[in-house]
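*Asks:* Contents of input_1.cif (mmCIF, N, CA and C atoms):
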```cif
data_upload
#
loop_
_atom_site.group_PDB
_atom_site.id
_atom_site.type_symbol
_atom_site.label_atom_id
_atom_site.label_comp_id
_atom_site.auth_asym_id
_atom_site.auth_seq_id
_atom_site.Cartn_x
_atom_site.Cartn_y
_atom_site.Cartn_z
ATOM 1 N N MET A 1 -9.341 -13.023 13.186
ATOM 2 C CA MET A 1 -8.544 -11.964 13.756
ATOM 3 C C MET A 1 -8.030 -11.075 12.628
ATOM 4 N N TYR A 2 -8.174 -9.774 12.822
ATOM 5 C CA TYR A 2 -7.631 -8.832 11.849
ATOM 6 C C TYR A 2 -7.049 -7.626 12.572
ATOM 7 N N ALA A 3 -6.278 -6.850 11.816
ATOM 8 C CA ALA A 3 -5.656 -5.657 12.381
ATOM 9 C C ALA A 3 -5.682 -4.552 11.339
ATOM 10 N N ILE A 4 -5.778 -3.327 11.814
ATOM 11 C CA ILE A 4 -5.622 -2.156 10.960
ATOM 12 C C ILE A 4 -4.183 -1.699 11.136
ATOM 13 N N VAL A 5 -3.422 -1.714 10.053
ATOM 14 C CA VAL A 5 -1.993 -1.433 10.118
ATOM 15 C C VAL A 5 -1.645 -0.261 9.201
ATOM 16 N N ASP A 6 -0.707 0.560 9.645
ATOM 17 C CA ASP A 6 -0.234 1.708 8.868
ATOM 18 C C ASP A 6 1.027 1.277 8.126
ATOM 19 N N ILE A 7 0.947 1.273 6.782
ATOM 20 C CA ILE A 7 2.089 0.911 5.953
ATOM 21 C C ILE A 7 2.389 2.088 5.042
ATOM 22 N N GLN A 8 3.472 2.775 5.311
ATOM 23 C CA GLN A 8 3.933 3.929 4.542
ATOM 24 C C GLN A 8 2.846 4.990 4.374
ATOM 25 N N GLY A 9 2.182 5.313 5.468
ATOM 26 C CA GLY A 9 1.207 6.392 5.456
ATOM 27 C C GLY A 9 -0.196 6.005 5.038
ATOM 28 N N GLN A 10 -0.422 4.760 4.647
ATOM 29 C CA GLN A 10 -1.758 4.301 4.290
ATOM 30 C C GLN A 10 -2.200 3.227 5.265
ATOM 31 N N GLN A 11 -3.492 3.178 5.549
ATOM 32 C CA GLN A 11 -4.022 2.188 6.471
ATOM 33 C C GLN A 11 -4.647 1.030 5.700
ATOM 34 N N PHE A 12 -4.338 -0.191 6.126
ATOM 35 C CA PHE A 12 -4.844 -1.396 5.486
ATOM 36 C C PHE A 12 -5.432 -2.317 6.543
ATOM 37 N N LYS A 13 -6.461 -3.075 6.134
ATOM 38 C CA LYS A 13 -7.011 -4.120 6.986
ATOM 39 C C LYS A 13 -6.259 -5.402 6.662
ATOM 40 N N ALA A 14 -5.532 -5.921 7.638
ATOM 41 C CA ALA A 14 -4.674 -7.090 7.420
ATOM 42 C C ALA A 14 -5.267 -8.309 8.110
ATOM 43 N N GLU A 15 -5.530 -9.342 7.328
ATOM 44 C CA GLU A 15 -5.978 -10.634 7.834
ATOM 45 C C GLU A 15 -5.039 -11.691 7.281
ATOM 46 N N ALA A 16 -4.919 -12.804 7.962
ATOM 47 C CA ALA A 16 -4.048 -13.879 7.503
ATOM 48 C C ALA A 16 -4.514 -14.379 6.134
ATOM 49 N N GLY A 17 -3.600 -14.432 5.177
ATOM 50 C CA GLY A 17 -3.903 -14.908 3.831
ATOM 51 C C GLY A 17 -4.359 -13.842 2.853
ATOM 52 N N LYS A 18 -4.508 -12.599 3.294
ATOM 53 C CA LYS A 18 -5.003 -11.532 2.426
ATOM 54 C C LYS A 18 -3.866 -10.920 1.613
ATOM 55 N N ARG A 19 -4.147 -10.650 0.304
ATOM 56 C CA ARG A 19 -3.180 -9.991 -0.576
ATOM 57 C C ARG A 19 -3.383 -8.488 -0.494
ATOM 58 N N LEU A 20 -2.284 -7.749 -0.359
ATOM 59 C CA LEU A 20 -2.333 -6.294 -0.306
ATOM 60 C C LEU A 20 -1.363 -5.719 -1.319
ATOM 61 N N PHE A 21 -1.763 -4.633 -1.933
ATOM 62 C CA PHE A 21 -0.891 -3.883 -2.823
ATOM 63 C C PHE A 21 -0.551 -2.584 -2.109
ATOM 64 N N VAL A 22 0.675 -2.494 -1.587
ATOM 65 C CA VAL A 22 1.117 -1.328 -0.830
ATOM 66 C C VAL A 22 2.067 -0.511 -1.689
ATOM 67 N N HIS A 23 2.323 0.731 -1.273
ATOM 68 C CA HIS A 23 3.290 1.544 -1.999
ATOM 69 C C HIS A 23 4.625 0.813 -2.052
ATOM 70 N N TYR A 24 5.384 1.063 -3.101
ATOM 71 C CA TYR A 24 6.646 0.378 -3.373
ATOM 72 C C TYR A 24 7.562 0.432 -2.162
ATOM 73 N N LEU A 25 8.016 -0.738 -1.690
ATOM 74 C CA LEU A 25 8.823 -0.827 -0.480
ATOM 75 C C LEU A 25 10.312 -0.617 -0.722
ATOM 76 N N GLY A 26 10.739 -0.549 -1.973
ATOM 77 C CA GLY A 26 12.144 -0.275 -2.272
ATOM 78 C C GLY A 26 12.858 -1.475 -2.853
ATOM 79 N N ASP A 27 14.090 -1.227 -3.294
ATOM 80 C CA ASP A 27 14.885 -2.259 -3.952
ATOM 81 C C ASP A 27 15.383 -3.334 -2.994
ATOM 82 N N GLU A 28 15.449 -3.019 -1.690
ATOM 83 C CA GLU A 28 16.023 -3.982 -0.749
ATOM 84 C C GLU A 28 15.091 -5.161 -0.468
ATOM 85 N N LYS A 29 13.817 -5.068 -0.811
ATOM 86 C CA LYS A 29 12.868 -6.161 -0.581
ATOM 87 C C LYS A 29 12.849 -7.088 -1.796
ATOM 88 N N LYS A 30 13.092 -8.373 -1.547
ATOM 89 C CA LYS A 30 13.133 -9.379 -2.610
ATOM 90 C C LYS A 30 11.921 -10.296 -2.498
ATOM 91 N N GLU A 31 11.646 -11.010 -3.581
ATOM 92 C CA GLU A 31 10.512 -11.935 -3.605
ATOM 93 C C GLU A 31 10.743 -13.080 -2.625
ATOM 94 N N GLY A 32 9.717 -13.398 -1.832
ATOM 95 C CA GLY A 32 9.805 -14.458 -0.848
ATOM 96 C C GLY A 32 10.313 -14.005 0.505
ATOM 97 N N GLU A 33 10.742 -12.768 0.618
ATOM 98 C CA GLU A 33 11.277 -12.235 1.876
ATOM 99 C C GLU A 33 10.136 -11.842 2.807
ATOM 100 N N ASN A 34 10.343 -12.010 4.094
ATOM 101 C CA ASN A 34 9.339 -11.616 5.080
ATOM 102 C C ASN A 34 9.564 -10.170 5.501
ATOM 103 N N VAL A 35 8.465 -9.432 5.656
ATOM 104 C CA VAL A 35 8.523 -8.060 6.153
ATOM 105 C C VAL A 35 7.621 -7.975 7.381
ATOM 106 N N GLU A 36 7.971 -7.055 8.278
ATOM 107 C CA GLU A 36 7.251 -6.921 9.529
ATOM 108 C C GLU A 36 6.803 -5.471 9.682
ATOM 109 N N PHE A 37 5.529 -5.287 10.012
ATOM 110 C CA PHE A 37 4.972 -3.957 10.208
ATOM 111 C C PHE A 37 4.519 -3.843 11.658
ATOM 112 N N SER A 38 5.051 -2.853 12.374
ATOM 113 C CA SER A 38 4.756 -2.733 13.802
ATOM 114 C C SER A 38 3.819 -1.575 14.129
ATOM 115 N N LYS A 39 3.428 -0.777 13.139
ATOM 116 C CA LYS A 39 2.498 0.328 13.386
ATOM 117 C C LYS A 39 1.063 -0.186 13.279
ATOM 118 N N VAL A 40 0.648 -0.953 14.281
ATOM 119 C CA VAL A 40 -0.696 -1.528 14.316
ATOM 120 C C VAL A 40 -1.590 -0.576 15.107
ATOM 121 N N LEU A 41 -2.656 -0.105 14.468
ATOM 122 C CA LEU A 41 -3.532 0.891 15.072
ATOM 123 C C LEU A 41 -4.713 0.268 15.809
ATOM 124 N N LEU A 42 -5.160 -0.909 15.360
ATOM 125 C CA LEU A 42 -6.322 -1.568 15.954
ATOM 126 C C LEU A 42 -6.191 -3.066 15.751
ATOM 127 N N VAL A 43 -6.600 -3.829 16.748
ATOM 128 C CA VAL A 43 -6.606 -5.294 16.652
ATOM 129 C C VAL A 43 -7.977 -5.798 17.082
ATOM 130 N N ASP A 44 -8.560 -6.679 16.254
ATOM 131 C CA ASP A 44 -9.819 -7.334 16.590
ATOM 132 C C ASP A 44 -9.547 -8.827 16.712
ATOM 133 N N ALA A 45 -9.556 -9.333 17.949
ATOM 134 C CA ALA A 45 -9.320 -10.751 18.203
ATOM 135 C C ALA A 45 -10.648 -11.402 18.578
ATOM 136 N N ASP A 46 -11.405 -11.828 17.583
ATOM 137 C CA ASP A 46 -12.703 -12.498 17.783
ATOM 138 C C ASP A 46 -13.663 -11.670 18.634
ATOM 139 N N GLY A 47 -13.790 -10.402 18.299
ATOM 140 C CA GLY A 47 -14.742 -9.529 18.986
ATOM 141 C C GLY A 47 -14.131 -8.665 20.064
ATOM 142 N N ALA A 48 -12.952 -9.009 20.551
ATOM 143 C CA ALA A 48 -12.267 -8.196 21.562
ATOM 144 C C ALA A 48 -11.411 -7.164 20.832
ATOM 145 N N ILE A 49 -11.897 -5.942 20.780
ATOM 146 C CA ILE A 49 -11.220 -4.895 20.012
ATOM 147 C C ILE A 49 -10.277 -4.118 20.919
ATOM 148 N N THR A 50 -9.036 -3.961 20.446
ATOM 149 C CA THR A 50 -8.028 -3.179 21.151
ATOM 150 C C THR A 50 -7.608 -2.029 20.244
ATOM 151 N N VAL A 51 -7.792 -0.807 20.738
ATOM 152 C CA VAL A 51 -7.439 0.384 19.972
ATOM 153 C C VAL A 51 -6.180 0.979 20.582
ATOM 154 N N GLY A 52 -5.204 1.285 19.747
ATOM 155 C CA GLY A 52 -3.951 1.851 20.227
ATOM 156 C C GLY A 52 -4.027 3.349 20.399
ATOM 157 N N ALA A 53 -3.063 3.866 21.184
ATOM 158 C CA ALA A 53 -2.996 5.301 21.397
ATOM 159 C C ALA A 53 -1.551 5.754 21.272
ATOM 160 N N PRO A 54 -0.954 5.952 20.140
ATOM 161 C CA PRO A 54 -1.495 5.785 18.788
ATOM 162 C C PRO A 54 -1.384 4.363 18.242
ATOM 163 N N THR A 55 -0.492 3.514 18.812
ATOM 164 C CA THR A 55 -0.364 2.147 18.305
ATOM 165 C C THR A 55 -0.585 1.155 19.437
ATOM 166 N N VAL A 56 -0.866 -0.088 19.049
ATOM 167 C CA VAL A 56 -1.067 -1.160 20.026
ATOM 168 C C VAL A 56 0.306 -1.717 20.397
ATOM 169 N N GLU A 57 0.605 -1.760 21.689
ATOM 170 C CA GLU A 57 1.905 -2.243 22.157
ATOM 171 C C GLU A 57 2.042 -3.745 21.914
ATOM 172 N N GLY A 58 3.179 -4.146 21.359
ATOM 173 C CA GLY A 58 3.476 -5.561 21.157
ATOM 174 C C GLY A 58 2.796 -6.199 19.968
ATOM 175 N N ALA A 59 1.978 -5.468 19.241
ATOM 176 C CA ALA A 59 1.279 -6.025 18.080
ATOM 177 C C ALA A 59 2.096 -5.781 16.822
ATOM 178 N N LYS A 60 2.081 -6.759 15.925
ATOM 179 C CA LYS A 60 2.762 -6.601 14.649
ATOM 180 C C LYS A 60 2.124 -7.510 13.606
ATOM 181 N N VAL A 61 2.384 -7.179 12.355
ATOM 182 C CA VAL A 61 1.866 -7.945 11.225
ATOM 183 C C VAL A 61 3.058 -8.453 10.437
ATOM 184 N N ILE A 62 3.085 -9.745 10.170
ATOM 185 C CA ILE A 62 4.164 -10.346 9.390
ATOM 186 C C ILE A 62 3.593 -10.733 8.032
ATOM 187 N N ALA A 63 4.291 -10.298 6.975
ATOM 188 C CA ALA A 63 3.825 -10.555 5.608
ATOM 189 C C ALA A 63 4.996 -11.033 4.754
ATOM 190 N N GLU A 64 4.654 -11.658 3.640
ATOM 191 C CA GLU A 64 5.651 -12.145 2.694
ATOM 192 C C GLU A 64 5.512 -11.374 1.394
ATOM 193 N N VAL A 65 6.641 -10.972 0.807
ATOM 194 C CA VAL A 65 6.644 -10.246 -0.459
ATOM 195 C C VAL A 65 6.428 -11.256 -1.581
ATOM 196 N N LYS A 66 5.332 -11.082 -2.338
ATOM 197 C CA LYS A 66 5.058 -11.969 -3.468
ATOM 198 C C LYS A 66 5.641 -11.401 -4.756
ATOM 199 N N ASN A 67 5.455 -10.112 -4.976
ATOM 200 C CA ASN A 67 5.996 -9.460 -6.171
ATOM 201 C C ASN A 67 6.498 -8.087 -5.744
ATOM 202 N N PRO A 68 7.824 -7.850 -5.781
ATOM 203 C CA PRO A 68 8.357 -6.587 -5.248
ATOM 204 C C PRO A 68 8.052 -5.363 -6.103
ATOM 205 N N LEU A 69 7.743 -5.546 -7.379
ATOM 206 C CA LEU A 69 7.475 -4.390 -8.238
ATOM 207 C C LEU A 69 6.292 -4.687 -9.145
ATOM 208 N N VAL A 70 5.167 -4.041 -8.848
ATOM 209 C CA VAL A 70 3.952 -4.159 -9.653
ATOM 210 C C VAL A 70 3.591 -2.751 -10.103
ATOM 211 N N LYS A 71 3.277 -2.603 -11.378
ATOM 212 C CA LYS A 71 2.864 -1.291 -11.863
ATOM 213 C C LYS A 71 1.349 -1.226 -11.933
ATOM 214 N N GLY A 72 0.815 -0.104 -11.499
ATOM 215 C CA GLY A 72 -0.630 0.094 -11.499
ATOM 216 C C GLY A 72 -1.146 0.497 -12.860
ATOM 217 N N GLU A 73 -2.407 0.898 -12.896
ATOM 218 C CA GLU A 73 -3.033 1.338 -14.143
ATOM 219 C C GLU A 73 -2.368 2.588 -14.679
ATOM 220 N N HIS A 74 -2.446 2.758 -15.981
ATOM 221 C CA HIS A 74 -1.936 3.963 -16.616
ATOM 222 C C HIS A 74 -2.983 5.061 -16.467
ATOM 223 N N ILE A 75 -2.580 6.177 -15.900
ATOM 224 C CA ILE A 75 -3.484 7.301 -15.675
ATOM 225 C C ILE A 75 -3.071 8.445 -16.592
ATOM 226 N N ILE A 76 -4.028 9.007 -17.310
ATOM 227 C CA ILE A 76 -3.781 10.130 -18.216
ATOM 228 C C ILE A 76 -4.071 11.434 -17.486
ATOM 229 N N VAL A 77 -3.122 12.347 -17.552
ATOM 230 C CA VAL A 77 -3.295 13.686 -16.984
ATOM 231 C C VAL A 77 -3.263 14.657 -18.167
ATOM 232 N N PHE A 78 -4.385 15.329 -18.424
ATOM 233 C CA PHE A 78 -4.489 16.251 -19.553
ATOM 234 C C PHE A 78 -4.869 17.628 -19.036
ATOM 235 N N LYS A 79 -4.056 18.623 -19.396
ATOM 236 C CA LYS A 79 -4.325 19.997 -18.975
ATOM 237 C C LYS A 79 -4.554 20.842 -20.212
ATOM 238 N N LYS A 80 -5.510 21.753 -20.149
ATOM 239 C CA LYS A 80 -5.831 22.604 -21.291
ATOM 240 C C LYS A 80 -6.378 23.927 -20.796
ATOM 241 N N ARG A 81 -5.940 24.994 -21.441
ATOM 242 C CA ARG A 81 -6.525 26.306 -21.184
ATOM 243 C C ARG A 81 -7.226 26.709 -22.485
ATOM 244 N N ARG A 82 -8.489 26.971 -22.383
ATOM 245 C CA ARG A 82 -9.240 27.235 -23.599
ATOM 246 C C ARG A 82 -8.799 28.553 -24.256
ATOM 247 N N ARG A 83 -8.770 28.516 -25.549
ATOM 248 C CA ARG A 83 -8.456 29.660 -26.411
ATOM 249 C C ARG A 83 -7.037 30.205 -26.242
ATOM 250 N N LYS A 84 -6.146 29.486 -25.588
ATOM 251 C CA LYS A 84 -4.781 29.976 -25.372
ATOM 252 C C LYS A 84 -3.728 29.125 -26.073
ATOM 253 N N GLY A 85 -4.125 28.014 -26.670
ATOM 254 C CA GLY A 85 -3.170 27.149 -27.342
ATOM 255 C C GLY A 85 -2.319 26.340 -26.362
ATOM 256 N N TYR A 86 -2.784 26.172 -25.157
ATOM 257 C CA TYR A 86 -2.037 25.460 -24.129
ATOM 258 C C TYR A 86 -2.638 24.088 -23.920
ATOM 259 N N ARG A 87 -1.865 23.042 -24.237
ATOM 260 C CA ARG A 87 -2.300 21.661 -24.019
ATOM 261 C C ARG A 87 -1.106 20.850 -23.541
ATOM 262 N N ARG A 88 -1.302 20.098 -22.474
ATOM 263 C CA ARG A 88 -0.258 19.227 -21.951
ATOM 264 C C ARG A 88 -0.857 17.851 -21.695
ATOM 265 N N LEU A 89 -0.182 16.827 -22.178
ATOM 266 C CA LEU A 89 -0.606 15.449 -21.984
ATOM 267 C C LEU A 89 0.495 14.721 -21.230
ATOM 268 N N ASN A 90 0.124 14.116 -20.124
ATOM 269 C CA ASN A 90 1.099 13.417 -19.303
ATOM 270 C C ASN A 90 0.459 12.124 -18.807
ATOM 271 N N GLY A 91 1.267 11.097 -18.629
ATOM 272 C CA GLY A 91 0.775 9.834 -18.112
ATOM 273 C C GLY A 91 1.534 9.438 -16.865
ATOM 274 N N HIS A 92 0.927 8.540 -16.079
ATOM 275 C CA HIS A 92 1.555 8.109 -14.831
ATOM 276 C C HIS A 92 1.145 6.685 -14.510
ATOM 277 N N ARG A 93 2.105 5.882 -14.024
ATOM 278 C CA ARG A 93 1.822 4.539 -13.511
ATOM 279 C C ARG A 93 2.472 4.414 -12.146
ATOM 280 N N GLN A 94 1.663 4.229 -11.126
ATOM 281 C CA GLN A 94 2.160 4.099 -9.757
ATOM 282 C C GLN A 94 2.808 2.735 -9.567
ATOM 283 N N THR A 95 3.873 2.668 -8.784
ATOM 284 C CA THR A 95 4.519 1.395 -8.488
ATOM 285 C C THR A 95 4.060 0.892 -7.117
ATOM 286 N N PHE A 96 3.792 -0.407 -7.043
ATOM 287 C CA PHE A 96 3.318 -1.054 -5.832
ATOM 288 C C PHE A 96 4.173 -2.271 -5.525
ATOM 289 N N THR A 97 4.039 -2.787 -4.321
ATOM 290 C CA THR A 97 4.614 -4.064 -3.925
ATOM 291 C C THR A 97 3.462 -4.946 -3.466
ATOM 292 N N GLU A 98 3.405 -6.152 -4.010
ATOM 293 C CA GLU A 98 2.348 -7.092 -3.624
ATOM 294 C C GLU A 98 2.846 -7.941 -2.448
ATOM 295 N N ILE A 99 2.085 -7.919 -1.346
ATOM 296 C CA ILE A 99 2.433 -8.706 -0.185
ATOM 297 C C ILE A 99 1.244 -9.578 0.203
ATOM 298 N N VAL A 100 1.540 -10.692 0.880
ATOM 299 C CA VAL A 100 0.511 -11.580 1.412
ATOM 300 C C VAL A 100 0.728 -11.659 2.920
ATOM 301 N N VAL A 101 -0.318 -11.355 3.677
ATOM 302 C CA VAL A 101 -0.222 -11.354 5.133
ATOM 303 C C VAL A 101 -0.149 -12.798 5.623
ATOM 304 N N LYS A 102 0.886 -13.090 6.411
ATOM 305 C CA LYS A 102 1.050 -14.438 6.967
ATOM 306 C C LYS A 102 0.357 -14.571 8.307
ATOM 307 N N GLU A 103 0.614 -13.616 9.208
ATOM 308 C CA GLU A 103 -0.026 -13.686 10.522
ATOM 309 C C GLU A 103 -0.083 -12.327 11.181
ATOM 310 N N VAL A 104 -1.061 -12.211 12.087
ATOM 311 C CA VAL A 104 -1.224 -11.010 12.905
ATOM 312 C C VAL A 104 -0.923 -11.408 14.344
ATOM 313 N N ILE A 105 0.059 -10.761 14.932
ATOM 314 C CA ILE A 105 0.467 -11.064 16.308
ATOM 315 C C ILE A 105 -0.013 -9.930 17.202
ATOM 316 N N ALA A 106 -0.783 -10.280 18.224
ATOM 317 C CA ALA A 106 -1.304 -9.252 19.143
ATOM 318 C C ALA A 106 -1.075 -9.640 20.586
#
```
Could I get this file's structure written as structure tokens?

*Replies:*
Amino acid sequence: MYAIVDIQGQQFKAEAGKRLFVHYLGDEKKEGENVEFSKVLLVDADGAITVGAPTVEGAKVIAEVKNPLVKGEHIIVFKKRRRKGYRRLNGHRQTFTEIVVKEVIA
């Protein structure tokens, strides 16, 4: 059984036991805490597919926070205009929250 769930504007395929790296959920989420996502867009229960309009009624995904603050890869942003002496170097590391899906309720 799996579900397609919307977590902070991104869609993820959630199955029991799967690790997901979602956008940072904020300071209020602590390690070991359970979180619940109710914006379930699709549920597949052993071949019986239920598509929501826009969400599936009564369906939710329960997950546990494993690491509340994970930093992603370092990304280099370099801008240059040729022959103008303009160069800008900037870096960025996105913050994520690591969660493990406990169960999908449909």

*Asks:* Please list as number ranges by chain every residue within 6 Å of Glu33 in chain A, counting only N, CA and C atoms and excluding residues in the same chain fewer than 2 positions away.

*Replies:* A: 30-31, 35, 63-65

*Asks:* Just write the chosen residues, N, CA and C atoms, as a PDB file, in the frame of the given file.

*Replies:*
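Written out: out_32.pdb:
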```
ATOM      1  N   LYS A  30      13.092  -8.373  -1.547  1.00  0.00           N
ATOM      2  CA  LYS A  30      13.133  -9.379  -2.610  1.00  0.00           C
ATOM      3  C   LYS A  30      11.921 -10.296  -2.498  1.00  0.00           C
ATOM      4  N   GLU A  31      11.646 -11.010  -3.581  1.00  0.00           N
ATOM      5  CA  GLU A  31      10.512 -11.935  -3.605  1.00  0.00           C
ATOM      6  C   GLU A  31      10.743 -13.080  -2.625  1.00  0.00           C
ATOM      7  N   VAL A  35       8.465  -9.432   5.656  1.00  0.00           N
ATOM      8  CA  VAL A  35       8.523  -8.060   6.153  1.00  0.00           C
ATOM      9  C   VAL A  35       7.621  -7.975   7.381  1.00  0.00           C
ATOM     10  N   ALA A  63       4.291 -10.298   6.975  1.00  0.00           N
ATOM     11  CA  ALA A  63       3.825 -10.555   5.608  1.00  0.00           C
ATOM     12  C   ALA A  63       4.996 -11.033   4.754  1.00  0.00           C
ATOM     13  N   GLU A  64       4.654 -11.658   3.640  1.00  0.00           N
ATOM     14  CA  GLU A  64       5.651 -12.145   2.694  1.00  0.00           C
ATOM     15  C   GLU A  64       5.512 -11.374   1.394  1.00  0.00           C
ATOM     16  N   VAL A  65       6.641 -10.972   0.807  1.00  0.00           N
ATOM     17  CA  VAL A  65       6.644 -10.246  -0.459  1.00  0.00           C
ATOM     18  C   VAL A  65       6.428 -11.256  -1.581  1.00  0.00           C
TER      19      VAL A  65
END
```

*Asks:* With distances taken over only C-alpha atoms, which of A:Thr50, A:Asn67, A:Thr55, A:Gln11 is nearest to Lys29 in chain A?

*Replies:* A:Asn67

*Asks:* For Gly91 in chain A, find every residue with an atom within 6.5 Å (counting only N, CA and C atoms), except residues of its own chain fewer than 6 positions away, and show them as a compact mmCIF listing (two decimals) with N, CA and C atoms, in the coordinates of the input.

*Replies:*
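This went into selection-v3.txt:
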```
# COMPACT_ATOMS: atom_id res chain seq x y z
N HIS A 74 -2.45 2.76 -15.98
CA HIS A 74 -1.94 3.96 -16.62
C HIS A 74 -2.98 5.06 -16.47
N ILE A 75 -2.58 6.18 -15.90
CA ILE A 75 -3.48 7.30 -15.68
C ILE A 75 -3.07 8.44 -16.59
N ILE A 76 -4.03 9.01 -17.31
CA ILE A 76 -3.78 10.13 -18.22
C ILE A 76 -4.07 11.43 -17.49
N VAL A 77 -3.12 12.35 -17.55
CA VAL A 77 -3.30 13.69 -16.98
C VAL A 77 -3.26 14.66 -18.17
```

*Asks:* Quick check, in Å to one decimal: how far apart do CA of Thr97 in chain A and CA of Val22 in chain A lie?

*Replies:*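 About the pair CA of Thr97 in chain A and CA of Val22 in chain A: they are 5.4 Å apart.
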
*Asks:* Report, in Å with one decimal, the straight-line distance from atom N of Glu15 in chain A to CA of Asp44 in chain A.

*Replies:* 10.4 Å

*Asks:* Here's the selection I'm unsure about, the PyMOL selection byres ((chain A and resi 38) around 6.5); applied to the file above, which residues does it give, as a short mmCIF file (atom, residue, chain, number, x, y, z; two decimals) with N, CA and C atoms, in the frame of the given file?

*Replies:*
```
data_model
loop_
_atom_site.label_atom_id
_atom_site.label_comp_id
_atom_site.auth_asym_id
_atom_site.auth_seq_id
_atom_site.Cartn_x
_atom_site.Cartn_y
_atom_site.Cartn_z
N GLU A 36 7.97 -7.06 8.28
CA GLU A 36 7.25 -6.92 9.53
C GLU A 36 6.80 -5.47 9.68
N PHE A 37 5.53 -5.29 10.01
CA PHE A 37 4.97 -3.96 10.21
C PHE A 37 4.52 -3.84 11.66
N LYS A 39 3.43 -0.78 13.14
CA LYS A 39 2.50 0.33 13.39
C LYS A 39 1.06 -0.19 13.28
N VAL A 40 0.65 -0.95 14.28
CA VAL A 40 -0.70 -1.53 14.32
C VAL A 40 -1.59 -0.58 15.11
N ALA A 59 1.98 -5.47 19.24
CA ALA A 59 1.28 -6.02 18.08
C ALA A 59 2.10 -5.78 16.82
N LYS A 60 2.08 -6.76 15.92
CA LYS A 60 2.76 -6.60 14.65
C LYS A 60 2.12 -7.51 13.61
N VAL A 61 2.38 -7.18 12.36
CA VAL A 61 1.87 -7.94 11.22
C VAL A 61 3.06 -8.45 10.44
#
```

*Asks:* Mind giving me the straight-line distance from atom C of Gly26 in chain A to CA of Pro68 in chain A in Å, one decimal?

*Replies:* 7.2 Å

*Asks:* (5.0, 1.0, -8.6) in this file's frame - what residues fall within 6.5 Å of it? Use only N, CA and C atoms and give the answer as a list in words.

*Replies:* Tyr24, Leu69, Val70, Lys71, Gly72, Arg93, Gln94, Thr95, Phe96 and Thr97 of chain A

*Asks:* As a ChimeraX atom specification, please: all residues of range 14-68 of chain A that backbone DSSP puts in strand (DSSP E or B).

*Replies:* /A:14-15,19-23,34-37,40-45,48-51,60-68

*Asks:* Nearest to His23 in chain A among A:Val56, A:Glu98, A:Ile105, A:Arg83, with distances taken over all atoms listed in the file: which residue is it?

*Replies:*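 Under the stated criterion, the closest residue is A:Glu98.
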
*Asks:* Hey, which of A:Lys79, A:Phe21, A:Arg87, A:Ala3 ends up closest to Leu41 in chain A? Count all atoms listed in the file.

*Replies:* A:Ala3
